[in-house]
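Chemist: Sharing coords.cif here; it has mmCIF, C-alpha atoms.
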```cif
data_run
loop_
_atom_site.label_atom_id
_atom_site.label_comp_id
_atom_site.auth_asym_id
_atom_site.auth_seq_id
_atom_site.Cartn_x
_atom_site.Cartn_y
_atom_site.Cartn_z
CA MET G 1 0.00 0.00 0.00
CA LYS G 2 1.01 3.60 -0.60
CA LEU G 3 1.62 5.82 2.39
CA ASN G 4 0.77 9.46 1.70
CA LEU G 5 -1.61 12.18 2.77
CA ARG G 6 -4.27 11.64 0.14
CA PHE G 7 -5.29 8.32 1.69
CA ILE G 8 -6.21 9.93 4.98
CA ILE G 9 -8.89 11.70 2.96
CA ILE G 10 -9.80 8.76 0.75
CA THR G 11 -10.39 6.65 3.86
CA LEU G 12 -13.49 8.74 4.45
CA GLY G 13 -15.10 6.86 1.57
CA LEU G 14 -14.55 3.61 3.44
CA VAL G 15 -15.75 5.21 6.67
CA ALA G 16 -18.97 6.09 4.85
CA MET G 17 -19.58 2.44 4.08
CA CYS G 18 -18.44 0.83 7.32
CA GLY G 19 -18.77 3.23 10.24
CA PHE G 20 -16.90 6.05 11.93
CA GLY G 21 -13.35 5.60 13.22
CA THR G 22 -10.26 7.59 14.10
CA MET G 23 -9.36 10.33 11.61
CA ALA G 24 -6.54 12.79 11.13
CA SER G 25 -6.70 16.21 12.77
CA VAL G 26 -9.40 18.40 11.21
CA PRO G 27 -10.79 21.88 11.96
CA ASN G 28 -12.98 22.17 15.04
CA GLY G 29 -16.56 21.18 14.28
CA TYR G 30 -15.88 20.29 10.66
CA TYR G 31 -17.43 16.83 10.97
CA THR G 32 -20.02 17.62 13.64
CA SER G 33 -22.89 16.96 11.24
CA ILE G 34 -21.86 13.32 10.71
CA TYR G 35 -21.82 12.28 14.37
CA GLY G 36 -24.49 9.79 15.42
CA LYS G 37 -25.19 8.64 11.89
CA LYS G 38 -24.56 5.28 10.28
CA GLY G 39 -25.10 3.45 7.01
CA THR G 40 -26.36 5.48 4.06
CA ALA G 41 -27.25 8.43 6.31
CA LEU G 42 -23.58 8.66 7.30
CA LYS G 43 -22.49 8.34 3.67
CA THR G 44 -24.76 11.22 2.64
CA ALA G 45 -23.64 13.35 5.59
CA ILE G 46 -19.98 12.90 4.59
CA HIS G 47 -20.91 13.75 0.99
CA ASP G 48 -22.47 17.00 2.18
CA VAL G 49 -19.37 17.91 4.21
CA ILE G 50 -16.70 17.23 1.57
CA ARG G 51 -18.49 18.59 -1.48
CA PRO G 52 -18.01 20.96 -3.15
CA HIS G 53 -14.24 20.77 -2.93
CA THR G 54 -11.36 22.83 -4.30
CA LYS G 55 -11.26 22.24 -8.04
CA LEU G 56 -7.86 21.81 -9.68
CA THR G 57 -6.94 22.21 -13.32
CA TYR G 58 -5.83 19.16 -15.28
CA ALA G 59 -2.60 20.93 -16.27
CA SER G 60 -1.70 21.56 -12.61
CA LEU G 61 -1.77 17.91 -11.54
CA TRP G 62 1.96 17.35 -12.10
CA ASN G 63 2.62 20.15 -9.64
CA HIS G 64 0.54 18.40 -6.96
CA PHE G 65 1.83 14.85 -7.43
CA PRO G 66 5.10 15.62 -5.56
CA SER G 67 2.97 16.02 -2.44
CA THR G 68 0.52 13.19 -3.08
CA ASP G 69 2.46 10.56 -5.04
CA VAL G 70 6.18 10.93 -4.43
CA TYR G 71 8.13 7.69 -3.91
CA PRO G 72 10.82 7.70 -1.19
CA GLU G 73 13.63 6.97 -3.64
CA GLN G 74 15.75 9.15 -5.93
CA ILE G 75 17.60 8.61 -9.22
CA ASN G 76 20.30 11.19 -10.02
CA GLY G 77 18.90 13.48 -7.35
CA LYS G 78 15.35 13.39 -8.72
CA TRP G 79 12.43 11.89 -6.82
CA LEU G 80 10.45 9.03 -8.30
CA VAL G 81 6.75 9.04 -8.96
CA TRP G 82 4.85 6.43 -6.95
CA ASP G 83 3.34 4.59 -9.88
CA MET G 84 0.78 1.97 -8.77
CA TYR G 85 0.55 0.60 -12.31
CA SER G 86 4.14 -0.48 -12.99
CA ASP G 87 7.65 -0.64 -11.57
CA ASN G 88 9.25 0.97 -14.63
CA LYS G 89 11.45 3.43 -12.77
CA THR G 90 12.93 4.91 -15.95
CA ASN G 91 9.55 6.52 -16.57
CA GLN G 92 9.01 7.59 -12.96
CA ILE G 93 11.40 10.52 -12.54
CA TYR G 94 9.80 13.93 -12.12
CA TYR G 95 10.50 16.63 -14.69
CA TYR G 96 8.49 19.72 -13.86
CA PRO G 97 6.07 21.04 -14.83
CA ASN G 98 5.10 18.47 -17.46
CA GLY G 99 5.83 15.09 -15.91
CA THR G 100 7.54 12.58 -18.19
CA SER G 101 6.73 11.16 -21.59
CA GLY G 102 6.36 7.67 -20.10
CA LEU G 103 3.70 8.65 -17.58
CA ASN G 104 0.04 9.56 -17.85
CA ARG G 105 -2.38 11.24 -15.45
CA GLU G 106 -4.66 8.26 -15.02
CA HIS G 107 -8.29 8.41 -13.94
CA SER G 108 -8.42 5.32 -11.75
CA CYS G 109 -12.20 5.65 -11.97
CA PRO G 110 -12.63 5.96 -15.76
CA LYS G 111 -13.94 9.35 -16.88
CA SER G 112 -16.17 7.73 -19.50
CA TRP G 113 -18.23 6.19 -16.69
CA TRP G 114 -19.77 9.56 -15.84
CA GLY G 115 -19.56 11.13 -19.28
CA GLY G 116 -16.19 12.88 -19.66
CA ASP G 117 -14.48 16.09 -18.64
CA GLN G 118 -17.39 18.46 -18.08
CA ASN G 119 -17.42 18.33 -14.29
CA GLU G 120 -15.32 18.40 -11.14
CA ALA G 121 -14.60 14.65 -11.01
CA TYR G 122 -12.43 15.04 -14.11
CA THR G 123 -9.66 16.78 -12.14
CA ASP G 124 -10.32 15.34 -8.68
CA ILE G 125 -6.83 14.34 -7.59
CA ASN G 126 -8.21 11.84 -5.09
CA HIS G 127 -8.66 9.39 -7.98
CA LEU G 128 -6.01 10.64 -10.43
CA TYR G 129 -2.64 8.87 -10.30
CA PRO G 130 0.61 8.90 -12.25
CA SER G 131 0.54 5.79 -14.43
CA ASP G 132 2.90 4.06 -16.81
CA ALA G 133 1.50 4.82 -20.26
CA LYS G 134 1.49 1.20 -21.47
CA ALA G 135 -0.30 -0.01 -18.36
CA ASN G 136 -2.80 2.82 -18.66
CA THR G 137 -3.56 1.85 -22.25
CA ALA G 138 -4.05 -1.79 -21.26
CA LYS G 139 -6.31 -0.83 -18.33
CA ASN G 140 -8.55 1.14 -20.70
CA ASN G 141 -11.89 1.86 -18.98
CA TYR G 142 -12.25 -1.62 -17.48
CA PRO G 143 -13.64 -2.16 -13.97
CA LEU G 144 -11.60 -3.48 -11.08
CA GLY G 145 -11.72 -7.21 -10.47
CA VAL G 146 -9.79 -10.44 -10.11
CA VAL G 147 -8.32 -11.62 -13.42
CA LYS G 148 -8.92 -15.23 -14.46
CA VAL G 149 -6.90 -15.26 -17.70
CA ALA G 150 -4.51 -12.34 -18.28
CA SER G 151 -4.01 -10.64 -21.63
CA PHE G 152 -1.65 -8.07 -20.04
CA ASN G 153 0.63 -8.54 -17.05
CA ASN G 154 3.61 -6.31 -16.28
CA GLY G 155 4.18 -7.73 -12.81
CA VAL G 156 2.17 -4.97 -11.12
CA SER G 157 -0.98 -4.57 -13.22
CA LYS G 158 -3.03 -7.34 -14.78
CA VAL G 159 -5.82 -7.06 -17.35
CA GLY G 160 -7.90 -9.96 -18.60
CA THR G 161 -11.10 -11.94 -18.33
CA PRO G 162 -12.78 -11.71 -14.91
CA GLN G 163 -13.42 -14.44 -12.41
CA SER G 164 -17.04 -15.54 -12.18
CA GLY G 165 -19.38 -12.95 -10.66
CA MET G 166 -17.09 -9.99 -11.38
CA GLY G 167 -16.90 -7.32 -14.06
CA GLY G 168 -20.52 -6.20 -14.10
CA GLY G 169 -20.94 -7.43 -17.65
CA CYS G 170 -17.59 -6.13 -18.92
CA GLN G 171 -15.48 -8.75 -20.68
CA SER G 172 -12.23 -7.56 -19.09
CA VAL G 173 -11.16 -6.31 -15.65
CA PHE G 174 -8.13 -4.54 -14.22
CA GLU G 175 -6.43 -6.12 -11.20
CA PRO G 176 -3.79 -4.09 -9.32
CA ALA G 177 -1.00 -5.67 -7.29
CA ASP G 178 -1.96 -6.91 -3.81
CA GLU G 179 -0.02 -4.05 -2.18
CA TYR G 180 -2.25 -1.49 -3.94
CA LYS G 181 -5.65 -3.17 -3.84
CA GLY G 182 -6.68 -1.35 -0.67
CA ASP G 183 -5.62 1.97 -2.16
CA PHE G 184 -7.82 1.47 -5.20
CA ALA G 185 -10.68 0.20 -3.03
CA ARG G 186 -10.59 3.32 -0.84
CA THR G 187 -10.42 5.47 -3.95
CA TYR G 188 -13.63 3.93 -5.24
CA PHE G 189 -15.35 4.32 -1.87
CA TYR G 190 -14.38 7.99 -2.00
CA MET G 191 -15.83 8.35 -5.50
CA ALA G 192 -19.05 6.58 -4.48
CA THR G 193 -19.40 9.05 -1.61
CA MET G 194 -18.22 12.26 -3.24
CA TYR G 195 -20.21 11.80 -6.45
CA GLN G 196 -23.20 9.84 -5.24
CA ASP G 197 -25.46 12.32 -7.04
CA TYR G 198 -23.97 11.55 -10.47
CA THR G 199 -25.85 9.59 -13.09
CA TRP G 200 -23.39 6.91 -14.12
CA LYS G 201 -23.25 6.25 -17.85
CA TYR G 202 -21.47 2.90 -17.44
CA THR G 203 -22.54 0.80 -14.49
CA TYR G 204 -19.97 -1.99 -14.39
CA MET G 205 -19.23 -1.13 -10.74
CA PHE G 206 -21.40 1.89 -9.94
CA SER G 207 -25.18 1.84 -9.59
CA ASN G 208 -27.77 4.53 -10.19
CA SER G 209 -30.35 2.67 -8.12
CA SER G 210 -28.46 1.75 -4.96
CA ASP G 211 -27.82 3.87 -1.88
CA LEU G 212 -24.31 2.40 -1.89
CA THR G 213 -23.70 3.98 -5.33
CA LEU G 214 -21.95 0.66 -5.99
CA SER G 215 -23.10 -2.67 -7.35
CA GLN G 216 -23.22 -5.37 -4.69
CA TRP G 217 -20.43 -7.44 -6.25
CA ALA G 218 -18.18 -4.35 -6.42
CA TYR G 219 -18.98 -3.33 -2.84
CA THR G 220 -18.15 -6.82 -1.56
CA LEU G 221 -14.87 -6.97 -3.50
CA LEU G 222 -13.74 -3.49 -2.46
CA LEU G 223 -14.45 -4.15 1.21
CA GLU G 224 -12.38 -7.33 0.97
CA TRP G 225 -9.48 -5.50 -0.68
CA ALA G 226 -9.63 -2.60 1.79
CA ARG G 227 -9.45 -5.00 4.74
CA GLN G 228 -6.66 -7.13 3.26
CA ASP G 229 -4.57 -4.03 2.47
CA PRO G 230 -5.35 -1.59 5.32
CA VAL G 231 -4.22 2.01 5.67
CA SER G 232 -0.71 2.27 7.08
#
```
When written as structure tokens, how does the structure in this file appear?

Modeler:
Amino acid sequence: MKLNLRFIIITLGLVAMCGFGTMASVPNGYYTSIYGKKGTALKTAIHDVIRPHTKLTYASLWNHFPSTDVYPEQINGKWLVWDMYSDNKTNQIYYYPNGTSGLNREHSCPKSWWGGDQNEAYTDINHLYPSDAKANTAKNNYPLGVVKVASFNNGVSKVGTPQSGMGGGCQSVFEPADEYKGDFARTYFYMATMYQDYTWKYTYMFSNSSDLTLSQWAYTLLLEWARQDPVS
């Protein structure tokens, strides 16, 4: 699992599904409105607290990644990107302000699922990660899941046919490495909480008719991943 500040925030998505626990220091009274609530009432209360949020520009993301996604290792005095999609370190060295040619700004929750770049989710850094370009291309807009037969495997990311009961009707799924499964799970819980009012165009994992904002199979899988790979 990654250890950085963004996951203190993303954990709120998991809190919304499971209950209220210990959180990082926050302004006095900021979360008062969520106390005493549970289940979907808690999820909605957290949604109301954290949205709207500060909206970033897509071009500025490389300037924020050094705070959210820096890897504690340097090459030639330059810090590495913490890329959860590959271990290709030659593509993971920061060159400001434009990143590197081998890295993309990857929407871990595919933008096509809600209809593109017309709204705040498009630049929400809580689900945007530096990604190896080849792995990003292979991931496409597939849902998360456990791969049965892989068509792409770089040792960190796998893409292929899903195990039974997964994929939500999609013929392929993306499976991250075990050490990052909890990170992706908490990201999706955050998205289900932050954007619970969206109408989802593709419903492989998200649902327009459930208070969870997630399909039951996806909810079950993400809870399992979040528990197996807990926050550091």

Chemist: Going by the chain IDs and residue numbers used in this file, which residues fall under the PyMOL selection byres ((chain G and resi 106-121) around 10)? Write them as a PDB file with C-alpha atoms, in the coordinates of the input.

Modeler:
```pdb
ATOM      1  CA  PRO G  52     -18.010  20.960  -3.150  1.00  0.00           C
ATOM      2  CA  HIS G  53     -14.240  20.770  -2.930  1.00  0.00           C
ATOM      3  CA  THR G  54     -11.360  22.830  -4.300  1.00  0.00           C
ATOM      4  CA  LYS G  55     -11.260  22.240  -8.040  1.00  0.00           C
ATOM      5  CA  LEU G  56      -7.860  21.810  -9.680  1.00  0.00           C
ATOM      6  CA  THR G  57      -6.940  22.210 -13.320  1.00  0.00           C
ATOM      7  CA  TYR G  58      -5.830  19.160 -15.280  1.00  0.00           C
ATOM      8  CA  TYR G  85       0.550   0.600 -12.310  1.00  0.00           C
ATOM      9  CA  LEU G 103       3.700   8.650 -17.580  1.00  0.00           C
ATOM     10  CA  ASN G 104       0.040   9.560 -17.850  1.00  0.00           C
ATOM     11  CA  ARG G 105      -2.380  11.240 -15.450  1.00  0.00           C
ATOM     12  CA  TYR G 122     -12.430  15.040 -14.110  1.00  0.00           C
ATOM     13  CA  THR G 123      -9.660  16.780 -12.140  1.00  0.00           C
ATOM     14  CA  ASP G 124     -10.320  15.340  -8.680  1.00  0.00           C
ATOM     15  CA  ILE G 125      -6.830  14.340  -7.590  1.00  0.00           C
ATOM     16  CA  ASN G 126      -8.210  11.840  -5.090  1.00  0.00           C
ATOM     17  CA  HIS G 127      -8.660   9.390  -7.980  1.00  0.00           C
ATOM     18  CA  LEU G 128      -6.010  10.640 -10.430  1.00  0.00           C
ATOM     19  CA  TYR G 129      -2.640   8.870 -10.300  1.00  0.00           C
ATOM     20  CA  PRO G 130       0.610   8.900 -12.250  1.00  0.00           C
ATOM     21  CA  SER G 131       0.540   5.790 -14.430  1.00  0.00           C
ATOM     22  CA  ASP G 132       2.900   4.060 -16.810  1.00  0.00           C
ATOM     23  CA  ALA G 133       1.500   4.820 -20.260  1.00  0.00           C
ATOM     24  CA  ALA G 135      -0.300  -0.010 -18.360  1.00  0.00           C
ATOM     25  CA  ASN G 136      -2.800   2.820 -18.660  1.00  0.00           C
ATOM     26  CA  THR G 137      -3.560   1.850 -22.250  1.00  0.00           C
ATOM     27  CA  LYS G 139      -6.310  -0.830 -18.330  1.00  0.00           C
ATOM     28  CA  ASN G 140      -8.550   1.140 -20.700  1.00  0.00           C
ATOM     29  CA  ASN G 141     -11.890   1.860 -18.980  1.00  0.00           C
ATOM     30  CA  TYR G 142     -12.250  -1.620 -17.480  1.00  0.00           C
ATOM     31  CA  PRO G 143     -13.640  -2.160 -13.970  1.00  0.00           C
ATOM     32  CA  LEU G 144     -11.600  -3.480 -11.080  1.00  0.00           C
ATOM     33  CA  PHE G 184      -7.820   1.470  -5.200  1.00  0.00           C
ATOM     34  CA  THR G 187     -10.420   5.470  -3.950  1.00  0.00           C
ATOM     35  CA  TYR G 188     -13.630   3.930  -5.240  1.00  0.00           C
ATOM     36  CA  MET G 191     -15.830   8.350  -5.500  1.00  0.00           C
ATOM     37  CA  MET G 194     -18.220  12.260  -3.240  1.00  0.00           C
ATOM     38  CA  TYR G 195     -20.210  11.800  -6.450  1.00  0.00           C
ATOM     39  CA  TYR G 198     -23.970  11.550 -10.470  1.00  0.00           C
ATOM     40  CA  THR G 199     -25.850   9.590 -13.090  1.00  0.00           C
ATOM     41  CA  TRP G 200     -23.390   6.910 -14.120  1.00  0.00           C
ATOM     42  CA  LYS G 201     -23.250   6.250 -17.850  1.00  0.00           C
ATOM     43  CA  TYR G 202     -21.470   2.900 -17.440  1.00  0.00           C
ATOM     44  CA  THR G 203     -22.540   0.800 -14.490  1.00  0.00           C
ATOM     45  CA  TYR G 204     -19.970  -1.990 -14.390  1.00  0.00           C
ATOM     46  CA  MET G 205     -19.230  -1.130 -10.740  1.00  0.00           C
ATOM     47  CA  PHE G 206     -21.400   1.890  -9.940  1.00  0.00           C
TER      48      PHE G 206
END
```

Chemist: Choose the residue, out of G:Ala192, G:Leu214, G:Leu221, G:Val231, that has the smallest atom-to-atom separation from Lys43 (chain G); count only C-alpha atoms.

Modeler: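 Using only C-alpha atoms, Lys43 (chain G) sits closest to G:Ala192.
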
Chemist: How far is it from CA of Thr193 (chain G) to CA of His47 (chain G), in Å with one decimal?

Modeler: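 Going from CA of Thr193 (chain G) over to CA of His47 (chain G) covers 5.6 Å.
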
Chemist: Run the PyMOL selection byres ((chain G and resi 170-173) around 12) on the file and write out the hits as a ChimeraX atom specification.

Modeler: /G:138-152,157-169,174-176,202-205,218

Chemist: Suppose you want the space between CA of Ala185 (chain G) and CA of Ser60 (chain G); what is it in Å?

Modeler: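 CA of Ser60 (chain G) lies at a distance of 25.1 Å from CA of Ala185 (chain G).
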
Chemist: For this structure, which residues satisfy the selection - the PyMOL selection byres ((chain G and resi 69) around 8) - when it is evaluated on the file as given? I want them as a list in words.

Modeler: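 This file gives the following for the PyMOL selection byres ((chain G and resi 69) around 8): Asn4, Phe65, Pro66, Ser67, Thr68, Val70, Tyr71, Val81, Trp82, Asp83, Tyr129 and Pro130 of chain G.
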
Chemist: Write the residues of the preceding selection, restricted to C-alpha atoms, as a PDB file, in the frame of the given file.

Modeler:
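Heads up, here's the output in out03.pdb:
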```
ATOM      1  CA  ASN G   4       0.770   9.460   1.700  1.00  0.00           C
ATOM      2  CA  PHE G  65       1.830  14.850  -7.430  1.00  0.00           C
ATOM      3  CA  PRO G  66       5.100  15.620  -5.560  1.00  0.00           C
ATOM      4  CA  SER G  67       2.970  16.020  -2.440  1.00  0.00           C
ATOM      5  CA  THR G  68       0.520  13.190  -3.080  1.00  0.00           C
ATOM      6  CA  VAL G  70       6.180  10.930  -4.430  1.00  0.00           C
ATOM      7  CA  TYR G  71       8.130   7.690  -3.910  1.00  0.00           C
ATOM      8  CA  VAL G  81       6.750   9.040  -8.960  1.00  0.00           C
ATOM      9  CA  TRP G  82       4.850   6.430  -6.950  1.00  0.00           C
ATOM     10  CA  ASP G  83       3.340   4.590  -9.880  1.00  0.00           C
ATOM     11  CA  TYR G 129      -2.640   8.870 -10.300  1.00  0.00           C
ATOM     12  CA  PRO G 130       0.610   8.900 -12.250  1.00  0.00           C
TER      13      PRO G 130
END
```

Chemist: State, in Å with one decimal place, the distance from CA of Thr213 (chain G) to CA of Asp183 (chain G).

Modeler: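 That distance, rounded to one decimal, is 18.5 Å.
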
Chemist: Would you pick out the contacts of Tyr35 (chain G) at 10 Å or less, using all atoms listed in the file, so that residues sharing its chain but fewer than 4 positions from it are not included, and give the list as an MDAnalysis selection string?

Modeler: chainID G and resid 20 31 42 45:46

Chemist: Return as lines of an AutoDock Vina configuration file the box centre and box size in Å, one decimal, for an axis-aligned box around all listed atoms of region 201-219 of chain G padded by 6 Å per side.

Modeler:
```
center_x = -24.3
center_y = -0.6
center_z = -9.9
size_x = 24.2
size_y = 25.7
size_z = 28.0
```
